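Trainee: One structure, as structure tokens, below. Some questions next.
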Amino acid sequence: MTASWVGIEDAARASWPAAEVEARGGWRLRASGGFTSRANSVHIGTDVDPPDLDDRLAAVVAFYERRGLPPRLQVPLLHRGLLDDLRPEGRRVRAAAGA
């Protein structure tokens, strides 16, 4: 049986959870004192087209600013539409190595 990317992501989150996790819709805002990008980024899961995108992004920025961390979203490449939505707003979008 082949595992889906969602199942793999869920297993990774459960095996090494972030110190702090705040739910925002289907997104998980994670913070762990700056140790690793994964543990200090937003896991969006399959919630790639939220109707409240602007509000959600403002909450992300505030969450990470309170912790002295840069706001980061972990966006699976198969959801390039969300990446396209972020670029016009002047946000920097960086692809992971190998992408």
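Starting from 1 in every chain, residues are counted up; chains themselves are A, B, ... following the order of the structure tokens, and ligands are numbered from 1 as listed.
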With a distance cut-off of 12 Å and only C-alpha atoms, select the neighbouring residues of A:Glu9, excluding the residue or stretch itself and same-chain residues fewer than 2 positions from it, and output the selection as a ChimeraX atom specification.
Mentor: /A:3-7,11-17,38,43-46,74-76
Trainee: Near A:Phe63, counting only C-alpha atoms, which residues have an atom at most 12 Å away, once you skip same-chain residues fewer than 3 positions from it, shown as a PyMOL selection string?
Mentor: chain A and resi 20-24+28-31+40-42+56-60+66-72
Trainee: Keeping only N, CA and C atoms, write the selected residues to a file as a PDB file, in the first residue's frame.
Mentor:
ATOM      1  N   GLU A  20       4.986  24.370  20.417  1.00  0.00           N
ATOM      2  CA  GLU A  20       3.712  25.088  20.458  1.00  0.00           C
ATOM      3  C   GLU A  20       2.984  24.852  19.135  1.00  0.00           C
ATOM      4  N   VAL A  21       1.704  24.612  19.226  1.00  0.00           N
ATOM      5  CA  VAL A  21       0.878  24.476  18.020  1.00  0.00           C
ATOM      6  C   VAL A  21      -0.422  25.225  18.260  1.00  0.00           C
ATOM      7  N   GLU A  22      -0.763  26.088  17.308  1.00  0.00           N
ATOM      8  CA  GLU A  22      -2.028  26.828  17.375  1.00  0.00           C
ATOM      9  C   GLU A  22      -2.801  26.539  16.101  1.00  0.00           C
ATOM     10  N   ALA A  23      -4.030  26.075  16.247  1.00  0.00           N
ATOM     11  CA  ALA A  23      -4.875  25.794  15.090  1.00  0.00           C
ATOM     12  C   ALA A  23      -5.488  27.089  14.584  1.00  0.00           C
ATOM     13  N   ARG A  24      -5.471  27.252  13.277  1.00  0.00           N
ATOM     14  CA  ARG A  24      -6.102  28.404  12.621  1.00  0.00           C
ATOM     15  C   ARG A  24      -6.791  27.833  11.397  1.00  0.00           C
ATOM     16  N   ARG A  28      -1.936  24.632  10.918  1.00  0.00           N
ATOM     17  CA  ARG A  28      -1.317  24.458  12.223  1.00  0.00           C
ATOM     18  C   ARG A  28      -0.104  25.379  12.287  1.00  0.00           C
ATOM     19  N   LEU A  29      -0.172  26.401  13.136  1.00  0.00           N
ATOM     20  CA  LEU A  29       0.946  27.317  13.331  1.00  0.00           C
ATOM     21  C   LEU A  29       1.842  26.695  14.378  1.00  0.00           C
ATOM     22  N   ARG A  30       3.109  26.471  14.030  1.00  0.00           N
ATOM     23  CA  ARG A  30       4.021  25.733  14.896  1.00  0.00           C
ATOM     24  C   ARG A  30       5.223  26.593  15.270  1.00  0.00           C
ATOM     25  N   ALA A  31       5.633  26.478  16.516  1.00  0.00           N
ATOM     26  CA  ALA A  31       6.818  27.199  16.975  1.00  0.00           C
ATOM     27  C   ALA A  31       7.599  26.317  17.938  1.00  0.00           C
ATOM     28  N   ASN A  40       8.985  25.389  12.967  1.00  0.00           N
ATOM     29  CA  ASN A  40       8.700  26.816  13.114  1.00  0.00           C
ATOM     30  C   ASN A  40       8.054  27.354  11.851  1.00  0.00           C
ATOM     31  N   SER A  41       7.101  26.593  11.329  1.00  0.00           N
ATOM     32  CA  SER A  41       6.399  26.991  10.114  1.00  0.00           C
ATOM     33  C   SER A  41       4.950  26.528  10.207  1.00  0.00           C
ATOM     34  N   VAL A  42       4.149  27.076   9.333  1.00  0.00           N
ATOM     35  CA  VAL A  42       2.732  26.721   9.289  1.00  0.00           C
ATOM     36  C   VAL A  42       2.567  25.489   8.405  1.00  0.00           C
ATOM     37  N   ARG A  56      -6.053  35.071   7.791  1.00  0.00           N
ATOM     38  CA  ARG A  56      -5.222  33.967   8.266  1.00  0.00           C
ATOM     39  C   ARG A  56      -3.739  34.326   8.168  1.00  0.00           C
ATOM     40  N   LEU A  57      -3.352  34.960   7.057  1.00  0.00           N
ATOM     41  CA  LEU A  57      -1.951  35.365   6.906  1.00  0.00           C
ATOM     42  C   LEU A  57      -1.568  36.418   7.941  1.00  0.00           C
ATOM     43  N   ALA A  58      -2.484  37.337   8.257  1.00  0.00           N
ATOM     44  CA  ALA A  58      -2.216  38.331   9.304  1.00  0.00           C
ATOM     45  C   ALA A  58      -2.015  37.641  10.652  1.00  0.00           C
ATOM     46  N   ALA A  59      -2.800  36.608  10.936  1.00  0.00           N
ATOM     47  CA  ALA A  59      -2.649  35.857  12.184  1.00  0.00           C
ATOM     48  C   ALA A  59      -1.314  35.118  12.215  1.00  0.00           C
ATOM     49  N   VAL A  60      -0.893  34.600  11.062  1.00  0.00           N
ATOM     50  CA  VAL A  60       0.404  33.913  10.966  1.00  0.00           C
ATOM     51  C   VAL A  60       1.533  34.890  11.282  1.00  0.00           C
ATOM     52  N   ARG A  66       5.314  37.596  17.573  1.00  0.00           N
ATOM     53  CA  ARG A  66       5.301  37.486  19.041  1.00  0.00           C
ATOM     54  C   ARG A  66       6.425  36.588  19.549  1.00  0.00           C
ATOM     55  N   ARG A  67       6.907  35.708  18.714  1.00  0.00           N
ATOM     56  CA  ARG A  67       7.952  34.764  19.109  1.00  0.00           C
ATOM     57  C   ARG A  67       9.326  35.126  18.547  1.00  0.00           C
ATOM     58  N   GLY A  68       9.391  36.241  17.842  1.00  0.00           N
ATOM     59  CA  GLY A  68      10.660  36.678  17.263  1.00  0.00           C
ATOM     60  C   GLY A  68      11.143  35.781  16.132  1.00  0.00           C
ATOM     61  N   LEU A  69      10.218  35.177  15.418  1.00  0.00           N
ATOM     62  CA  LEU A  69      10.536  34.250  14.329  1.00  0.00           C
ATOM     63  C   LEU A  69       9.973  34.771  13.012  1.00  0.00           C
ATOM     64  N   PRO A  70      10.605  34.422  11.900  1.00  0.00           N
ATOM     65  CA  PRO A  70      10.038  34.803  10.603  1.00  0.00           C
ATOM     66  C   PRO A  70       8.831  33.925  10.275  1.00  0.00           C
ATOM     67  N   PRO A  71       7.787  34.509   9.701  1.00  0.00           N
ATOM     68  CA  PRO A  71       6.635  33.687   9.321  1.00  0.00           C
ATOM     69  C   PRO A  71       6.974  32.833   8.107  1.00  0.00           C
ATOM     70  N   ARG A  72       6.666  31.543   8.206  1.00  0.00           N
ATOM     71  CA  ARG A  72       6.920  30.600   7.108  1.00  0.00           C
ATOM     72  C   ARG A  72       5.719  29.685   6.954  1.00  0.00           C
TER      73      ARG A  72
END
Trainee: Distance atom CA of A:Asp54-atom CA of A:Ile8, one decimal place?
Mentor: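 Calculated distance between atom CA of A:Asp54 and atom CA of A:Ile8 is 28.2 Å.
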Trainee: Going by DSSP on the backbone, which bits of stretch 6-98 of chain A are strand (DSSP E)? Write them as a short mmCIF file (atom, residue, chain, number, x, y, z; two decimals) with N, CA, C and O atoms, in the first residue's frame, please.
Mentor:
data_model
loop_
_atom_site.label_atom_id
_atom_site.label_comp_id
_atom_site.auth_asym_id
_atom_site.auth_seq_id
_atom_site.Cartn_x
_atom_site.Cartn_y
_atom_site.Cartn_z
N GLU A 20 4.99 24.37 20.42
CA GLU A 20 3.71 25.09 20.46
C GLU A 20 2.98 24.85 19.14
O GLU A 20 3.59 24.91 18.08
N VAL A 21 1.70 24.61 19.23
CA VAL A 21 0.88 24.48 18.02
C VAL A 21 -0.42 25.23 18.26
O VAL A 21 -1.08 25.04 19.28
N GLU A 22 -0.76 26.09 17.31
CA GLU A 22 -2.03 26.83 17.38
C GLU A 22 -2.80 26.54 16.10
O GLU A 22 -2.28 26.72 15.00
N ALA A 23 -4.03 26.08 16.25
CA ALA A 23 -4.88 25.79 15.09
C ALA A 23 -5.49 27.09 14.58
O ALA A 23 -5.95 27.92 15.37
N ARG A 24 -5.47 27.25 13.28
CA ARG A 24 -6.10 28.40 12.62
C ARG A 24 -6.79 27.83 11.40
O ARG A 24 -6.16 27.64 10.38
N TRP A 27 -5.10 25.08 9.24
CA TRP A 27 -3.66 25.29 9.35
C TRP A 27 -3.20 25.06 10.78
O TRP A 27 -3.93 25.29 11.73
N ARG A 28 -1.94 24.63 10.92
CA ARG A 28 -1.32 24.46 12.22
C ARG A 28 -0.10 25.38 12.29
O ARG A 28 0.87 25.17 11.56
N LEU A 29 -0.17 26.40 13.14
CA LEU A 29 0.95 27.32 13.33
C LEU A 29 1.84 26.70 14.38
O LEU A 29 1.39 26.37 15.48
N ARG A 30 3.11 26.47 14.03
CA ARG A 30 4.02 25.73 14.90
C ARG A 30 5.22 26.59 15.27
O ARG A 30 5.76 27.32 14.43
N ALA A 31 5.63 26.48 16.52
CA ALA A 31 6.82 27.20 16.98
C ALA A 31 7.60 26.32 17.94
O ALA A 31 7.01 25.63 18.78
N VAL A 42 4.15 27.08 9.33
CA VAL A 42 2.73 26.72 9.29
C VAL A 42 2.57 25.49 8.41
O VAL A 42 3.02 25.46 7.27
N HIS A 43 1.93 24.49 8.96
CA HIS A 43 1.57 23.31 8.18
C HIS A 43 0.15 23.53 7.68
O HIS A 43 -0.78 23.65 8.47
N LEU A 73 5.38 29.40 5.70
CA LEU A 73 4.34 28.43 5.41
C LEU A 73 4.96 27.26 4.69
O LEU A 73 5.76 27.44 3.77
N GLN A 74 4.59 26.07 5.09
CA GLN A 74 5.03 24.85 4.42
C GLN A 74 3.92 24.48 3.44
O GLN A 74 2.85 24.03 3.84
#
Trainee: Could you tell me how far atom CA of A:Asp47 sits from atom CA of A:Leu86, in Å to one decimal place?
Mentor: 14.6 Å
